[in-house]
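Worksheet for the structure shown next.
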Amino acid sequence: MSRLAAVVCFVFVAASVNAQTNPQAMILSAAIDCIKEATTTGTVESDGSALIFSCSAAKAKTLYNFLGSKIRAEIVLDRNGKFENRQFGNNACYHRVEDQSSKAADYFRCDLIIAIGDALSD
């Protein structure tokens, strides 16, 4: 009987670890953390028909890295520096790797957009 209990415990632990390491579940969890940070820090903007939730630093870095398992980074050079962007739908996470003067940088930001439609815009 104790062997059966040990096997059952092992199966539950293995299933739990597998569920926690599922890349899609990790991405979803990181996106939710980003939205939570945006709401607590007041970095939510409305453009009329959509809400834009922005997070940075650790939450953005985590989401950016988890997205790496599914989305390749696109290198973008603009007047603000050099970025590695991961776009998914209307959303994106950005990793700034160089500033305007070409000095190394390490800044993360994610913008998550939720369409709310015209009915809720005012």
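Ligands are numbered from 1 in the order shown, residues from 1 within each chain, and chains are lettered A, B, ... in the order they appear in the structure tokens.
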### Task
Name the residues of chain A that fall into strand (DSSP E or B) according to DSSP on the backbone, using the chain letters and numbers of this document, as a ChimeraX atom specification.
/A:44-46,50-56,74-78,81-88,91-98,104-115
### Message
Give me, as a list in words, all polymer residues having an atom no more than 12 Å from Asn65 in chain A, counting only C-alpha atoms and skipping those fewer than 3 positions away in the same chain.
### Response
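In the requested form, the answer reads Pro23, Met26, Ile27, Ala30, Ala31, Ala58, Lys59, Ala60, Lys61, Thr62, Gly68, Ser69, Lys70, Ile71, Arg72, Ala73, Glu84, Asn85, Arg86, Cys93, Tyr94, His95, Phe108, Arg109 and Cys110 of chain A.
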Okay, now the selection with N, CA, C and O atoms, as an mmCIF file, in the first residue's frame?
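selection-v7.cif, freshly written:
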data_model
loop_
_atom_site.group_PDB
_atom_site.id
_atom_site.type_symbol
_atom_site.label_atom_id
_atom_site.label_comp_id
_atom_site.auth_asym_id
_atom_site.auth_seq_id
_atom_site.Cartn_x
_atom_site.Cartn_y
_atom_site.Cartn_z
ATOM 1 N N PRO A 23 5.392 26.086 -21.796
ATOM 2 C CA PRO A 23 5.735 27.440 -22.254
ATOM 3 C C PRO A 23 4.524 28.358 -22.398
ATOM 4 O O PRO A 23 4.596 29.532 -22.023
ATOM 5 N N MET A 26 3.448 29.542 -19.006
ATOM 6 C CA MET A 26 4.410 30.501 -18.467
ATOM 7 C C MET A 26 4.231 31.874 -19.114
ATOM 8 O O MET A 26 4.303 32.903 -18.435
ATOM 9 N N ILE A 27 3.983 31.899 -20.428
ATOM 10 C CA ILE A 27 3.757 33.160 -21.133
ATOM 11 C C ILE A 27 2.487 33.826 -20.606
ATOM 12 O O ILE A 27 2.475 35.027 -20.329
ATOM 13 N N ALA A 30 3.097 35.290 -17.171
ATOM 14 C CA ALA A 30 3.914 36.506 -17.252
ATOM 15 C C ALA A 30 3.099 37.675 -17.806
ATOM 16 O O ALA A 30 3.271 38.818 -17.358
ATOM 17 N N ALA A 31 2.199 37.422 -18.761
ATOM 18 C CA ALA A 31 1.344 38.482 -19.301
ATOM 19 C C ALA A 31 0.393 39.000 -18.222
ATOM 20 O O ALA A 31 0.171 40.216 -18.094
ATOM 21 N N ALA A 58 11.563 43.987 -14.315
ATOM 22 C CA ALA A 58 11.539 42.536 -14.108
ATOM 23 C C ALA A 58 10.348 41.851 -14.764
ATOM 24 O O ALA A 58 10.508 40.788 -15.383
ATOM 25 N N LYS A 59 9.153 42.430 -14.651
ATOM 26 C CA LYS A 59 7.967 41.794 -15.240
ATOM 27 C C LYS A 59 8.082 41.739 -16.762
ATOM 28 O O LYS A 59 7.748 40.733 -17.390
ATOM 29 N N ALA A 60 8.553 42.833 -17.369
ATOM 30 C CA ALA A 60 8.710 42.872 -18.820
ATOM 31 C C ALA A 60 9.816 41.915 -19.275
ATOM 32 O O ALA A 60 9.680 41.238 -20.296
ATOM 33 N N LYS A 61 10.895 41.855 -18.525
ATOM 34 C CA LYS A 61 12.005 40.958 -18.881
ATOM 35 C C LYS A 61 11.554 39.502 -18.844
ATOM 36 O O LYS A 61 11.880 38.713 -19.730
ATOM 37 N N THR A 62 10.775 39.167 -17.827
ATOM 38 C CA THR A 62 10.276 37.795 -17.710
ATOM 39 C C THR A 62 9.393 37.439 -18.902
ATOM 40 O O THR A 62 9.579 36.389 -19.529
ATOM 41 N N GLY A 68 10.432 34.303 -25.995
ATOM 42 C CA GLY A 68 11.540 33.814 -26.811
ATOM 43 C C GLY A 68 11.416 32.358 -27.209
ATOM 44 O O GLY A 68 11.996 31.933 -28.205
ATOM 45 N N SER A 69 10.638 31.586 -26.458
ATOM 46 C CA SER A 69 10.449 30.179 -26.819
ATOM 47 C C SER A 69 9.553 30.029 -28.045
ATOM 48 O O SER A 69 9.523 28.974 -28.666
ATOM 49 N N LYS A 70 8.814 31.088 -28.398
ATOM 50 C CA LYS A 70 7.885 31.015 -29.525
ATOM 51 C C LYS A 70 8.114 32.092 -30.582
ATOM 52 O O LYS A 70 7.757 31.909 -31.738
ATOM 53 N N ILE A 71 8.665 33.234 -30.195
ATOM 54 C CA ILE A 71 8.759 34.376 -31.106
ATOM 55 C C ILE A 71 10.208 34.860 -31.192
ATOM 56 O O ILE A 71 10.822 35.185 -30.166
ATOM 57 N N ARG A 72 10.706 34.930 -32.412
ATOM 58 C CA ARG A 72 12.066 35.432 -32.615
ATOM 59 C C ARG A 72 12.088 36.951 -32.488
ATOM 60 O O ARG A 72 11.128 37.635 -32.820
ATOM 61 N N ALA A 73 13.201 37.461 -32.021
ATOM 62 C CA ALA A 73 13.347 38.907 -31.866
ATOM 63 C C ALA A 73 13.670 39.547 -33.206
ATOM 64 O O ALA A 73 14.385 38.977 -34.034
ATOM 65 N N GLU A 84 15.664 44.950 -29.515
ATOM 66 C CA GLU A 84 15.266 43.612 -29.936
ATOM 67 C C GLU A 84 13.795 43.485 -29.554
ATOM 68 O O GLU A 84 13.464 43.467 -28.376
ATOM 69 N N ASN A 85 12.923 43.449 -30.552
ATOM 70 C CA ASN A 85 11.482 43.460 -30.323
ATOM 71 C C ASN A 85 10.878 42.090 -30.576
ATOM 72 O O ASN A 85 11.255 41.401 -31.515
ATOM 73 N N ARG A 86 9.929 41.721 -29.754
ATOM 74 C CA ARG A 86 9.128 40.511 -29.962
ATOM 75 C C ARG A 86 7.679 40.966 -30.063
ATOM 76 O O ARG A 86 7.085 41.376 -29.078
ATOM 77 N N CYS A 93 6.903 43.244 -26.828
ATOM 78 C CA CYS A 93 7.871 43.440 -25.754
ATOM 79 C C CYS A 93 9.165 43.897 -26.401
ATOM 80 O O CYS A 93 9.544 43.419 -27.484
ATOM 81 N N TYR A 94 9.833 44.828 -25.733
ATOM 82 C CA TYR A 94 11.023 45.449 -26.284
ATOM 83 C C TYR A 94 12.190 45.287 -25.319
ATOM 84 O O TYR A 94 12.027 45.444 -24.118
ATOM 85 N N HIS A 95 13.360 45.008 -25.887
ATOM 86 C CA HIS A 95 14.588 44.973 -25.105
ATOM 87 C C HIS A 95 15.534 45.978 -25.737
ATOM 88 O O HIS A 95 15.997 45.784 -26.868
ATOM 89 N N PHE A 108 13.879 46.767 -20.443
ATOM 90 C CA PHE A 108 12.777 45.978 -20.971
ATOM 91 C C PHE A 108 11.458 46.714 -20.771
ATOM 92 O O PHE A 108 11.260 47.373 -19.762
ATOM 93 N N ARG A 109 10.562 46.551 -21.745
ATOM 94 C CA ARG A 109 9.209 47.115 -21.654
ATOM 95 C C ARG A 109 8.283 46.245 -22.490
ATOM 96 O O ARG A 109 8.651 45.765 -23.564
ATOM 97 N N CYS A 110 7.067 46.054 -21.998
ATOM 98 C CA CYS A 110 6.040 45.361 -22.758
ATOM 99 C C CYS A 110 4.787 46.219 -22.798
ATOM 100 O O CYS A 110 4.434 46.857 -21.804
#
### Query
Do you know which residues are at most 6 Å from range 51-56 of chain A counting only C-alpha atoms, after dropping those on the same chain fewer than 4 positions away, and could you put them as a list in words?
Cys34, Ile35, Ala38, Thr43, Val44, Glu45, Ser46, Ala60, Phe108, Arg109, Cys110, Asp111, Leu112, Ile113 and Ile114 of chain A
### Task
Determine which residues of range 46-113 of chain A DSSP labels as alpha helix (DSSP H) from the backbone of this structure, then write them out as a ChimeraX atom specification.
/A:57-67
### Task
Report the distance between CA of Ala57 in chain A and CA of Lys82 in chain A in Å, rounded to one decimal place.
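Value for the CA of Ala57 in chain A-CA of Lys82 in chain A distance: 17.1 Å.
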## Note on the structure
One residue among A:Ser29, A:Gln100, A:Asn22, A:Thr39 is nearest to Asn80 in chain A when using only C-alpha atoms, and that residue is A:Gln100
